[in-house]
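**Student:** Starting off with a structure, shown below.
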Amino acid sequence: MAMEIKPKFKAWLINSHESTRTQLVELTPDDLPLGEVTVKVEYSTINYKDAAAISGSGQIIRIDKCVPGIDFAGTVISCANGAFQPGDAVIGGGQQIGEARYGGLAEYVRAPVAALVPMPAGMDSAQAMKFGTAGLTAGLSMEWLEATGKLHKPADILVTSVGGGVGGFSAALVGSFGHNLHAVTRPAKHDYAMSFGAKSVIDRATFSADNKALSEARWDAGIDTAGGPVLAALLSQLKSNAVATCCGITAGAALNTTVMPFILRGVCLQGINSAEVPAQRRSEVWAMLLKHTSVLEQVGIQEIPIEEVARGANDLIQGKILGRLLVKIAA
């Protein structure tokens with residue numbers, strides 16, 4: 001039997017011209033913008049970027065009206081070019097979903113084919129969104145570090161902002177890949193960082209205060225999810241020929257550092273942008289994450305219904321959330 005969109009369905013809508021900027025509304029199929037694939041959403045998440053968009057604390061949304069939600073998982077209803085078949089399970093993200101295209105915090109979404117990858121066999125929508133963009137980003141970071149061939153086992157790897165989604169998954173994957181985890185986080189999240197088996201936990205404020213061009217060489221590799229002075233401090237503490245990735249700006253977008261770590265220690269820094277990763281590469285990382293689903297037990301995951309998205313976004317912005325917010329969309 002062919003699947004159809006309900007006459008009316010729930011969606012969070014951001015309207016930059018309304019006094020009440022973000023509301024849970026009912027949309028009709030005609031309200032959905034054009035797109036190659038229509039998906040019935042089963043689960044989505046609230047990432048930091050989503051929370052910033054919903055709360056209005058960040059300039060995330062690029063169109064007058066938009067459904068937030070930069071990732072989602074669900075079932076294909078229809079596909080204009082046959083790349084997917086009705087009933088296919090898919091994971092969506094990237095391609096400006098939730099920013100310049102309607103996103104996943106709705107019961108239905110229309111998306112370009114390039115934004116979707118097939119669900120790995122053995123993974124379901126809930127598991128996929130427990131990982132979400134945060135898990136994908138952490139997976140890309142961990143695999144890049146491994147691909148350099150510069151990590152002995154066990155390597156001492158520093159992960160910053162372990163209290164967040166990307167930081168939490170990065171911390172879990174460091175251990176799952178057989179390395180020694182060292183963590184940077186706020187004092188209130190010290191126990192959370194220790195729950196990943198961290199060999200050491202450093203207070204973020206103390207760590208950020210290290211503004212030397214070169215400090216004591218301590219780390220074989222690093223995964224930075226904060227940016228700003230946190231990333232600058234990480235670079236100054238990397239060992240010779242060490243490698244690091246960066247993917248976040250919660251501590252600031254400006255990077256005030258010197259070339260000394262690069263030219264005197266030969267360190268390498270790689271930026272990670274999961275939104276621009278080709279579908280084939282995303283599929284490869286999702287397949288890797290399927291082998292590491294045990295880390296889902298380590299990363300705190302709170303499931304909420306679609307009706308509680310605004311509250312969840314506000315809690316995330318205020319730093320009250322440890323780990324991940326999973327949003328159940330389908331009734």
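Letters for chains follow the order of the structure tokens (A, B, ...), residue numbers begin at 1 for each chain, and ligand numbers begin at 1 in the order shown.
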Could you list, as a PyMOL selection string, every residue within 8 Å of segment 63-76 of chain A, counting only C-alpha atoms and ignoring same-chain residues fewer than 6 positions away?
**Tutor:** chain A and resi 11-17+37-47+49-50+53-54+84-94+96-106+125-126+128-129+132-133
**Student:** As a ChimeraX atom specification, please: every residue in segment 9-128 of chain A that a backbone DSSP assignment puts in alpha helix (DSSP H).
**Tutor:** /A:48-55,125-128
**Student:** Could you write those residues out with all heavy atoms, as a PDB file, in the first residue's frame?
**Tutor:**
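That gives us part-v6.pdb:
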```pdb
ATOM      1  N   TYR A  48      23.483  21.457  19.053  1.00  0.00           N
ATOM      2  CA  TYR A  48      23.730  22.821  19.519  1.00  0.00           C
ATOM      3  C   TYR A  48      23.264  23.831  18.474  1.00  0.00           C
ATOM      4  O   TYR A  48      22.691  24.874  18.819  1.00  0.00           O
ATOM      5  CB  TYR A  48      25.217  23.026  19.832  1.00  0.00           C
ATOM      6  CG  TYR A  48      25.494  24.367  20.469  1.00  0.00           C
ATOM      7  CD1 TYR A  48      25.367  24.541  21.840  1.00  0.00           C
ATOM      8  CD2 TYR A  48      25.859  25.472  19.695  1.00  0.00           C
ATOM      9  CE1 TYR A  48      25.588  25.783  22.435  1.00  0.00           C
ATOM     10  CE2 TYR A  48      26.092  26.704  20.277  1.00  0.00           C
ATOM     11  CZ  TYR A  48      25.960  26.854  21.651  1.00  0.00           C
ATOM     12  OH  TYR A  48      26.187  28.076  22.226  1.00  0.00           O
ATOM     13  N   LYS A  49      23.493  23.527  17.215  1.00  0.00           N
ATOM     14  CA  LYS A  49      23.077  24.436  16.147  1.00  0.00           C
ATOM     15  C   LYS A  49      21.548  24.588  16.130  1.00  0.00           C
ATOM     16  O   LYS A  49      21.021  25.690  15.953  1.00  0.00           O
ATOM     17  CB  LYS A  49      23.569  23.924  14.790  1.00  0.00           C
ATOM     18  CG  LYS A  49      23.296  24.867  13.630  1.00  0.00           C
ATOM     19  CD  LYS A  49      23.852  24.300  12.325  1.00  0.00           C
ATOM     20  CE  LYS A  49      25.339  24.392  12.264  1.00  0.00           C
ATOM     21  NZ  LYS A  49      25.869  24.005  10.933  1.00  0.00           N
ATOM     22  N   ASP A  50      20.827  23.491  16.345  1.00  0.00           N
ATOM     23  CA  ASP A  50      19.364  23.554  16.413  1.00  0.00           C
ATOM     24  C   ASP A  50      18.911  24.403  17.591  1.00  0.00           C
ATOM     25  O   ASP A  50      17.999  25.229  17.467  1.00  0.00           O
ATOM     26  CB  ASP A  50      18.772  22.147  16.556  1.00  0.00           C
ATOM     27  CG  ASP A  50      19.140  21.241  15.412  1.00  0.00           C
ATOM     28  OD1 ASP A  50      19.129  21.697  14.256  1.00  0.00           O
ATOM     29  OD2 ASP A  50      19.453  20.064  15.681  1.00  0.00           O
ATOM     30  N   ALA A  51      19.558  24.197  18.744  1.00  0.00           N
ATOM     31  CA  ALA A  51      19.189  24.950  19.941  1.00  0.00           C
ATOM     32  C   ALA A  51      19.417  26.440  19.741  1.00  0.00           C
ATOM     33  O   ALA A  51      18.602  27.270  20.169  1.00  0.00           O
ATOM     34  CB  ALA A  51      19.988  24.441  21.145  1.00  0.00           C
ATOM     35  N   ALA A  52      20.516  26.792  19.086  1.00  0.00           N
ATOM     36  CA  ALA A  52      20.798  28.198  18.810  1.00  0.00           C
ATOM     37  C   ALA A  52      19.752  28.796  17.878  1.00  0.00           C
ATOM     38  O   ALA A  52      19.315  29.941  18.048  1.00  0.00           O
ATOM     39  CB  ALA A  52      22.195  28.349  18.206  1.00  0.00           C
ATOM     40  N   ALA A  53      19.321  28.016  16.894  1.00  0.00           N
ATOM     41  CA  ALA A  53      18.291  28.496  15.965  1.00  0.00           C
ATOM     42  C   ALA A  53      16.953  28.677  16.669  1.00  0.00           C
ATOM     43  O   ALA A  53      16.271  29.690  16.493  1.00  0.00           O
ATOM     44  CB  ALA A  53      18.149  27.519  14.801  1.00  0.00           C
ATOM     45  N   ILE A  54      16.569  27.696  17.471  1.00  0.00           N
ATOM     46  CA  ILE A  54      15.268  27.728  18.144  1.00  0.00           C
ATOM     47  C   ILE A  54      15.206  28.845  19.169  1.00  0.00           C
ATOM     48  O   ILE A  54      14.193  29.550  19.296  1.00  0.00           O
ATOM     49  CB  ILE A  54      14.984  26.366  18.803  1.00  0.00           C
ATOM     50  CG1 ILE A  54      14.754  25.300  17.715  1.00  0.00           C
ATOM     51  CG2 ILE A  54      13.772  26.432  19.722  1.00  0.00           C
ATOM     52  CD1 ILE A  54      14.819  23.880  18.225  1.00  0.00           C
ATOM     53  N   SER A  55      16.295  29.049  19.898  1.00  0.00           N
ATOM     54  CA  SER A  55      16.321  30.076  20.938  1.00  0.00           C
ATOM     55  C   SER A  55      16.580  31.470  20.396  1.00  0.00           C
ATOM     56  O   SER A  55      16.380  32.466  21.096  1.00  0.00           O
ATOM     57  CB  SER A  55      17.394  29.734  21.978  1.00  0.00           C
ATOM     58  OG  SER A  55      18.688  29.826  21.401  1.00  0.00           O
ATOM     59  N   SER A 125      16.148   3.713  13.393  1.00  0.00           N
ATOM     60  CA  SER A 125      16.080   5.173  13.410  1.00  0.00           C
ATOM     61  C   SER A 125      16.473   5.760  14.754  1.00  0.00           C
ATOM     62  O   SER A 125      17.133   6.796  14.825  1.00  0.00           O
ATOM     63  CB  SER A 125      14.675   5.649  13.029  1.00  0.00           C
ATOM     64  OG  SER A 125      14.392   5.368  11.686  1.00  0.00           O
ATOM     65  N   ALA A 126      16.060   5.096  15.833  1.00  0.00           N
ATOM     66  CA  ALA A 126      16.402   5.597  17.163  1.00  0.00           C
ATOM     67  C   ALA A 126      17.905   5.558  17.388  1.00  0.00           C
ATOM     68  O   ALA A 126      18.513   6.526  17.866  1.00  0.00           O
ATOM     69  CB  ALA A 126      15.686   4.791  18.239  1.00  0.00           C
ATOM     70  N   GLN A 127      18.549   4.446  17.034  1.00  0.00           N
ATOM     71  CA  GLN A 127      20.003   4.356  17.180  1.00  0.00           C
ATOM     72  C   GLN A 127      20.702   5.394  16.319  1.00  0.00           C
ATOM     73  O   GLN A 127      21.661   6.041  16.763  1.00  0.00           O
ATOM     74  CB  GLN A 127      20.489   2.964  16.787  1.00  0.00           C
ATOM     75  CG  GLN A 127      20.179   1.870  17.786  1.00  0.00           C
ATOM     76  CD  GLN A 127      20.657   0.517  17.287  1.00  0.00           C
ATOM     77  OE1 GLN A 127      20.432   0.158  16.130  1.00  0.00           O
ATOM     78  NE2 GLN A 127      21.313  -0.233  18.158  1.00  0.00           N
ATOM     79  N   ALA A 128      20.228   5.555  15.104  1.00  0.00           N
ATOM     80  CA  ALA A 128      20.866   6.503  14.194  1.00  0.00           C
ATOM     81  C   ALA A 128      20.845   7.913  14.753  1.00  0.00           C
ATOM     82  O   ALA A 128      21.838   8.650  14.693  1.00  0.00           O
ATOM     83  CB  ALA A 128      20.172   6.472  12.833  1.00  0.00           C
TER      84      ALA A 128
END
```
**Student:** What's around Ala233 of chain A at 9 Å? Count only C-alpha atoms, leave out sequence neighbours fewer than 6 positions away in its own chain, and write the answer as number ranges by chain.
**Tutor:** A: 207-215, 257
**Student:** Quick one: write out the picked residues with N, CA and C atoms as a PDB file, in the first residue's frame?
**Tutor:**
```
ATOM      1  N   PHE A 207      42.540  25.274  31.555  1.00  0.00           N
ATOM      2  CA  PHE A 207      43.151  24.872  30.280  1.00  0.00           C
ATOM      3  C   PHE A 207      43.205  26.053  29.310  1.00  0.00           C
ATOM      4  N   SER A 208      42.111  26.801  29.203  1.00  0.00           N
ATOM      5  CA  SER A 208      42.030  27.923  28.262  1.00  0.00           C
ATOM      6  C   SER A 208      43.003  29.041  28.620  1.00  0.00           C
ATOM      7  N   ALA A 209      43.390  29.130  29.895  1.00  0.00           N
ATOM      8  CA  ALA A 209      44.288  30.194  30.341  1.00  0.00           C
ATOM      9  C   ALA A 209      45.716  29.996  29.855  1.00  0.00           C
ATOM     10  N   ASP A 210      46.032  28.808  29.339  1.00  0.00           N
ATOM     11  CA  ASP A 210      47.365  28.540  28.817  1.00  0.00           C
ATOM     12  C   ASP A 210      47.506  29.222  27.452  1.00  0.00           C
ATOM     13  N   ASN A 211      48.106  30.408  27.431  1.00  0.00           N
ATOM     14  CA  ASN A 211      48.219  31.167  26.183  1.00  0.00           C
ATOM     15  C   ASN A 211      49.647  31.236  25.663  1.00  0.00           C
ATOM     16  N   LYS A 212      50.484  30.261  26.062  1.00  0.00           N
ATOM     17  CA  LYS A 212      51.855  30.222  25.557  1.00  0.00           C
ATOM     18  C   LYS A 212      51.869  29.742  24.118  1.00  0.00           C
ATOM     19  N   ALA A 213      52.857  30.204  23.364  1.00  0.00           N
ATOM     20  CA  ALA A 213      53.006  29.732  21.989  1.00  0.00           C
ATOM     21  C   ALA A 213      53.312  28.243  21.959  1.00  0.00           C
ATOM     22  N   LEU A 214      54.160  27.801  22.890  1.00  0.00           N
ATOM     23  CA  LEU A 214      54.469  26.386  23.057  1.00  0.00           C
ATOM     24  C   LEU A 214      54.474  26.069  24.545  1.00  0.00           C
ATOM     25  N   SER A 215      53.731  25.059  24.934  1.00  0.00           N
ATOM     26  CA  SER A 215      53.722  24.601  26.320  1.00  0.00           C
ATOM     27  C   SER A 215      54.305  23.197  26.369  1.00  0.00           C
ATOM     28  N   THR A 257      46.638  32.256  17.997  1.00  0.00           N
ATOM     29  CA  THR A 257      47.756  31.352  18.238  1.00  0.00           C
ATOM     30  C   THR A 257      48.934  31.798  17.383  1.00  0.00           C
TER      31      THR A 257
END
```
**Student:** Determine, counting only C-alpha atoms, which protein, DNA and RNA residues have an atom within 8 Å of an atom of Val285 of chain A; residues of the same chain fewer than 5 positions away are not included. Present the result as a PyMOL selection string.
**Tutor:** chain A and resi 136+139-140
**Student:** Atoms to include: N, CA, C and O atoms. Write the selected residues as a compact mmCIF listing (two decimals), in the first residue's frame.
**Tutor:**
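Below you can see part-v8.txt, which holds the result:
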```txt
# COMPACT_ATOMS: atom_id res chain seq x y z
N LEU A 136 28.26 11.37 14.05
CA LEU A 136 28.89 11.38 12.73
C LEU A 136 30.15 12.24 12.75
O LEU A 136 31.20 11.85 12.22
N GLY A 139 32.82 10.54 14.68
CA GLY A 139 33.33 9.43 13.89
C GLY A 139 34.28 9.89 12.81
O GLY A 139 35.33 9.27 12.57
N LEU A 140 33.93 10.97 12.13
CA LEU A 140 34.82 11.54 11.11
C LEU A 140 36.15 11.96 11.72
O LEU A 140 37.22 11.73 11.15
```
**Student:** DSSP on the backbone: what in segment 22-250 of chain A comes out strand (DSSP E), as a PyMOL selection string?
**Tutor:** chain A and resi 22-27+37-45+65-66+71-79+89-93+108-111+116-118+156-160+180-185+200-203+219-224+238-246
**Student:** Excluding same-chain residues fewer than 4 positions from segment 159-176 of chain A, what lies within 9 Å of it counting only C-alpha atoms, as number ranges by chain?
**Tutor:** A: 47-48, 131, 133-139, 141-142, 180-186, 189-190, 192-193, 196-198, 204, 221-226, 230-231, 234, 247-248, 250, 292, 294-296, 298-300, 319, 321-325
**Student:** What's the separation between atom CA of Ala279 of chain A and atom CA of Ala147 of chain A, in Å to one decimal place?
**Tutor:**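 Interatomic distance, atom CA of Ala279 of chain A to atom CA of Ala147 of chain A: 19.1 Å.
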**Student:** Go ahead and compute the interatomic distance for atom CA of Ala83 of chain A and atom CA of Val327 of chain A, in Å to one decimal.
**Tutor:**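 One can read the atom CA of Ala83 of chain A to atom CA of Val327 of chain A distance as 27.0 Å.
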